[in-house]
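Chemist: model-v5.cif (mmCIF, C-alpha atoms) pasted underneath:
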data_entry
loop_
_atom_site.label_atom_id
_atom_site.label_comp_id
_atom_site.auth_asym_id
_atom_site.auth_seq_id
_atom_site.Cartn_x
_atom_site.Cartn_y
_atom_site.Cartn_z
CA MET A 1 0.00 0.00 0.00
CA LEU A 2 2.83 2.39 0.77
CA GLY A 3 5.03 1.65 -2.22
CA ASN A 4 8.19 1.87 -0.13
CA ALA A 5 9.81 -1.00 1.75
CA ALA A 6 11.28 1.23 4.47
CA ASP A 7 7.89 2.79 5.20
CA ALA A 8 6.27 -0.65 5.22
CA GLU A 9 8.86 -1.89 7.73
CA ASP A 10 8.21 1.13 9.97
CA VAL A 11 4.45 0.59 9.84
CA THR A 12 4.88 -3.14 10.53
CA GLN A 13 6.99 -2.44 13.59
CA ASP A 14 4.58 0.23 14.82
CA ALA A 15 1.62 -2.14 14.28
CA LEU A 16 3.29 -4.87 16.34
CA VAL A 17 4.11 -2.47 19.16
CA ARG A 18 0.57 -1.08 19.19
CA ALA A 19 -0.96 -4.56 19.06
CA TYR A 20 1.16 -5.74 21.97
CA GLY A 21 0.15 -2.69 23.99
CA SER A 22 -3.53 -3.22 23.17
CA LEU A 23 -3.89 -6.99 23.53
CA ASN A 24 -6.57 -6.42 26.17
CA ASP A 25 -8.70 -4.70 23.49
CA LEU A 26 -8.85 -7.84 21.34
CA GLN A 27 -12.38 -9.17 21.62
CA ASP A 28 -12.94 -12.80 22.57
CA GLY A 29 -13.36 -14.95 19.50
CA ALA A 30 -11.90 -12.29 17.17
CA SER A 31 -9.18 -13.27 14.74
CA PHE A 32 -5.80 -11.99 15.94
CA ALA A 33 -4.49 -11.92 12.36
CA SER A 34 -7.40 -9.81 11.09
CA TRP A 35 -7.10 -7.48 14.07
CA LEU A 36 -3.36 -7.03 13.48
CA ARG A 37 -3.87 -6.47 9.74
CA ARG A 38 -6.50 -3.82 10.49
CA ILE A 39 -4.01 -2.00 12.75
CA ALA A 40 -1.38 -2.13 9.99
CA ILE A 41 -3.85 -0.91 7.36
CA ASN A 42 -4.98 1.98 9.56
CA LEU A 43 -1.38 3.00 10.20
CA SER A 44 -0.63 2.77 6.46
CA LEU A 45 -3.63 4.93 5.64
CA ASN A 46 -2.47 7.48 8.23
CA VAL A 47 0.95 7.65 6.54
CA LEU A 48 -0.68 8.17 3.14
CA ARG A 49 -3.03 10.81 4.56
CA ARG A 50 -0.15 12.72 6.19
CA ARG A 51 1.62 12.78 2.83
CA GLY A 52 -1.48 14.21 1.22
CA LEU A 53 -1.86 11.18 -1.05
CA ILE A 54 -5.35 10.35 0.17
CA ARG A 55 -8.31 12.14 1.66
CA PHE A 56 -11.02 10.41 3.60
CA GLU A 57 -14.30 11.00 1.80
CA PRO A 58 -17.36 8.85 1.10
CA LEU A 59 -16.45 6.52 -1.74
CA ASP A 60 -19.15 5.14 -4.02
CA ALA A 61 -17.52 5.46 -7.08
CA PRO A 62 -6.09 -5.51 -9.82
CA GLY A 63 -2.92 -5.71 -8.29
CA ARG A 64 -0.09 -7.44 -9.87
CA GLY A 65 -1.82 -8.61 -12.87
CA TYR A 66 -0.70 -9.72 -16.24
CA VAL A 67 2.67 -11.43 -16.11
CA VAL A 68 4.23 -12.55 -19.35
CA GLU A 69 5.13 -16.24 -19.14
CA PRO A 70 7.02 -17.96 -21.92
CA ASP A 71 5.87 -21.27 -23.38
CA ASP A 72 9.37 -22.65 -23.83
CA GLY A 73 10.75 -22.95 -20.31
CA GLY A 74 12.07 -19.83 -18.68
CA PRO A 75 11.58 -16.12 -19.22
CA THR A 76 14.17 -14.26 -21.19
CA PRO A 77 15.83 -11.19 -19.66
CA GLU A 78 13.74 -9.04 -21.97
CA MET A 79 10.54 -10.72 -20.80
CA ARG A 80 11.51 -10.27 -17.15
CA ALA A 81 12.24 -6.58 -17.77
CA LEU A 82 8.89 -6.09 -19.52
CA ALA A 83 7.05 -7.93 -16.74
CA ALA A 84 8.76 -5.78 -14.08
CA GLU A 85 7.86 -2.62 -15.99
CA GLU A 86 4.29 -3.84 -16.39
CA ARG A 87 4.00 -4.64 -12.65
CA SER A 88 5.28 -1.16 -11.86
CA ASP A 89 2.71 0.41 -14.19
CA ILE A 90 -0.10 -1.69 -12.70
CA GLU A 91 0.96 -0.87 -9.13
CA ARG A 92 0.88 2.82 -10.05
CA LEU A 93 -2.67 2.40 -11.38
CA VAL A 94 -3.73 0.45 -8.27
CA ARG A 95 -2.54 3.37 -6.11
CA ARG A 96 -4.97 5.61 -8.05
CA LEU A 97 -7.99 3.56 -6.93
CA PRO A 98 -10.12 5.01 -4.13
CA THR A 99 -8.74 3.85 -0.78
CA GLU A 100 -11.50 1.41 0.15
CA GLN A 101 -11.42 -0.20 -3.29
CA ARG A 102 -7.63 -0.34 -3.32
CA VAL A 103 -7.51 -2.08 0.07
CA ALA A 104 -10.18 -4.58 -0.99
CA VAL A 105 -8.55 -5.35 -4.35
CA VAL A 106 -5.06 -5.68 -2.86
CA LEU A 107 -6.26 -7.99 -0.09
CA ARG A 108 -8.36 -10.14 -2.42
CA ASP A 109 -6.31 -10.25 -5.62
CA MET A 110 -2.74 -9.71 -4.47
CA TYR A 111 -2.79 -11.49 -1.13
CA GLY A 112 -5.58 -13.98 -1.79
CA TYR A 113 -7.75 -13.27 1.25
CA ASP A 114 -11.27 -14.64 1.13
CA MET A 115 -14.17 -12.21 1.02
CA ASN A 116 -15.03 -12.71 4.71
CA ASP A 117 -11.51 -11.57 5.67
CA VAL A 118 -11.73 -8.63 3.26
CA ALA A 119 -14.99 -7.61 4.95
CA THR A 120 -13.53 -8.00 8.44
CA ILE A 121 -10.39 -6.04 7.64
CA GLY A 122 -12.38 -3.41 5.75
CA ARG A 123 -14.84 -3.08 8.64
CA CYS A 124 -17.82 -3.58 6.37
CA GLY A 125 -20.40 -6.17 5.55
CA LEU A 126 -19.77 -9.01 3.13
CA SER A 127 -21.86 -7.43 0.37
CA ALA A 128 -20.01 -4.11 0.76
CA ALA A 129 -16.66 -5.91 0.54
CA LYS A 130 -17.78 -7.70 -2.61
CA MET A 131 -18.91 -4.40 -4.11
CA ARG A 132 -15.59 -2.73 -3.25
CA VAL A 133 -13.67 -5.52 -4.97
CA LYS A 134 -16.01 -5.45 -7.98
CA ARG A 135 -15.82 -1.67 -8.40
CA GLY A 136 -12.08 -1.63 -7.81
CA ARG A 137 -11.55 -4.32 -10.45
CA GLU A 138 -13.79 -2.47 -12.90
CA ALA A 139 -11.96 0.82 -12.34
CA LEU A 140 -8.59 -0.89 -12.68
CA ARG A 141 -9.72 -2.66 -15.87
CA THR A 142 -10.83 0.68 -17.33
CA MET A 143 -7.50 2.31 -16.44
CA LEU A 144 -5.58 -0.62 -17.93
CA GLU A 145 -7.60 -0.53 -21.14
CA SER A 146 -7.10 3.22 -21.50
CA ALA A 147 -3.35 2.64 -21.02
CA GLY A 148 -3.43 0.08 -23.86
CA TYR A 149 -3.10 -3.12 -21.83
CA THR A 150 -4.94 -6.28 -22.72
CA PRO A 151 -4.81 -9.49 -20.68
CA GLY A 152 -1.53 -11.33 -21.16
CA THR A 153 0.04 -8.75 -23.47
CA ARG A 154 1.74 -5.42 -23.26
CA ASP A 155 0.75 -3.26 -26.23
CA ALA A 156 1.27 0.21 -24.72
#
Would you write out, as structure tokens, the structure that this file holds?
Modeler:
Amino acid sequence: MLGNAADAEDVTQDALVRAYGSLNDLQDGASFASWLRRIAINLSLNVLRRRGLIRFEPLDAPGRGYVVEPDDGGPTPEMRALAAEERSDIERLVRRLPTEQRVAVVLRDMYGYDMNDVATIGRCGLSAAKMRVKRGREALRTMLESAGYTPGTRDA
């Protein structure tokens, strides 16, 4: 979410310290992993907000996506370079998604969380989580198409 490994490490450490200090706040039966992820997401959003990269507004309106894979064994250096450039472009587009959609799409499509976890982490109902993923995917697809990408190729 932050696009910078050093910032991510700082947020991770801060999340662990805060979680340890707030263990008494964890509700019985709640998932520790979801609770810790929510702390990390909130801290990440705070960093982005302080940088002026996001604003918290009502939002009504994927991640690493199309990787070129060769048919003949291993990727060539050129293919690896193109794939890395494509991932960078897609990550830049993902960062342009509205915050709630970006979080939902990243959790679902990049990290493989099931929709119940996406809803828990996003502090919303299951149908809202599904809608965030759907709208985020649609917005990302539109941005990719306008940039000239088609599934499995890099035409831009």
Chemist: Please list as an MDAnalysis selection string every residue within 12 Å of Arg37 of chain A, counting all atoms listed in the file and excluding residues in the same chain fewer than 6 positions away.
Modeler: chainID A and resid 11:12 14:16 18:19 31 43:44 103 107 113 117:118 120:123
Chemist: Name the residues in contact with Glu100 of chain A at a cut-off of 9 Å, using only C-alpha atoms, excluding same-chain residues fewer than 4 positions from it; report them as a list in words.
Modeler: Leu59, Ala104, Val105, Gly122, Ala129, Arg132, Val133 and Gly136 of chain A
Chemist: Identify, on the basis of only C-alpha atoms, every residue whose closest approach to Leu26 of chain A does not exceed 10 Å; exclude the query and any residue fewer than 6 positions from it along the same chain; express the result as number ranges by chain.
Modeler: A: 19, 32, 35-36
Chemist: In Å, how far is it from atom CA of Met1 of chain A to atom CA of Arg95 of chain A?
Modeler: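 Straight-line distance from atom CA of Met1 of chain A to atom CA of Arg95 of chain A works out to 7.4 Å.
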Chemist: Let me make sure I understand: among A:Met110, A:Glu91, A:Gln101, A:Glu9, which one has the smallest atom-to-atom distance to Ala128 of chain A if we use all atoms listed in the file?
Modeler: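 The closest residue to Ala128 of chain A is A:Gln101.
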Chemist: Using all atoms listed in the file, which residue out of A:Met131, A:Asn116, A:Asp89, A:Thr142 lies closest to Ser34 of chain A?
Modeler: A:Asn116
Chemist: Do you have the atom CA of Gly29 of chain A-atom CA of Ala8 of chain A distance handy?
Modeler: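 Rounded to one decimal, the two atoms are 28.2 Å apart.
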Chemist: Could you jot down the atom CA of Thr99 of chain A to atom CA of Ile41 of chain A separation for me, Å, one decimal place?
Modeler: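 Separating atom CA of Thr99 of chain A from atom CA of Ile41 of chain A is a distance of 10.6 Å.
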Chemist: Taking the file above as input, evaluate the PyMOL selection byres ((chain A and resi 45) around 10) and report the hits as a PyMOL selection string.
Modeler: chain A and resi 1-2+39-44+46-51+53-56+99+103
Chemist: Using all atoms listed in the file, which residue out of A:Met115, A:Ala6, A:Ile90, A:Val106 lies closest to Met143 of chain A?
Modeler: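 With all atoms listed in the file as the atom set, the closest residue is A:Ile90.
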